[in-house]
Structure formats: C-alpha cells, structure tokens
Amino acid sequence: MTGVDPGRLDDQQLMKELETIHRTRHDTLLHGSNDALRTHNERMAQLEGEYLRRNPRRPVATGRTRAGARDRDTGGE
C-alpha cells in the first residue's frame, strides 16, 4: 500500500487526502505512467472506501441519482 492506511487517518486527514487525490486525478490520467495510474486508482479506492465506510448515511443529492438524472433528461416530466 502507498501512504498511510486510511483507517488510521482521522476525519480531517481523510478529507485532505481525498481532496488531494481528486485534484491530481486528471493530470495522472493524462500524463502519468501506467504504474502511476494504477497506484492512483488503488489509493483512490482505498480512501473513498474508507470515507463510505465512515459515512454510510451521507446525504445524496437527488440530481446525482439515476432517477434524478432521468428527470433532468426529460425536463422533470
């Protein structure tokens, strides 16, 4: 594993790690080696998995669901 085990991070550290990895995602995809992209994918999955484990009832925006997306595509009808 690269980096600290996400389970050992406090909530603030976890959010900082998530913000950093999401900010660097685009450049890694476009310009990183295959190994760098694979490592980035693995670390992102670890961090996001830990976030979801800690926040199983996180608020979900209606527009970010399949039903919400269908409503958006049909004009809400």
# chains A, B, ... in the order shown; residues from 1 in each chain; ligands from 1

call {"tool": "residues_around", "arguments": {"residues": "region 23-25 of chain A", "least_positions_apart": "3", "cutoff": "10 Å", "atoms": "only C-alpha atoms", "output": "list in words"}}
result
Glu17, Leu18, Glu19, Thr20, Thr28, Leu29, Leu30, Gly32, Leu37, His40, Asn41 and Met44 of chain A

call {"tool": "residues_around", "arguments": {"residues": "Arg53 (chain A)", "least_positions_apart": "5", "cutoff": "10 Å", "atoms": "only C-alpha atoms", "output": "PyMOL selection string"}}
result
chain A and resi 7+47-48

call {"tool": "select_by_dssp", "arguments": {"residues": "chain A", "states": "alpha helix (DSSP H)", "output": "ChimeraX atom specification"}}
result
/A:11-31,34-54,66-74
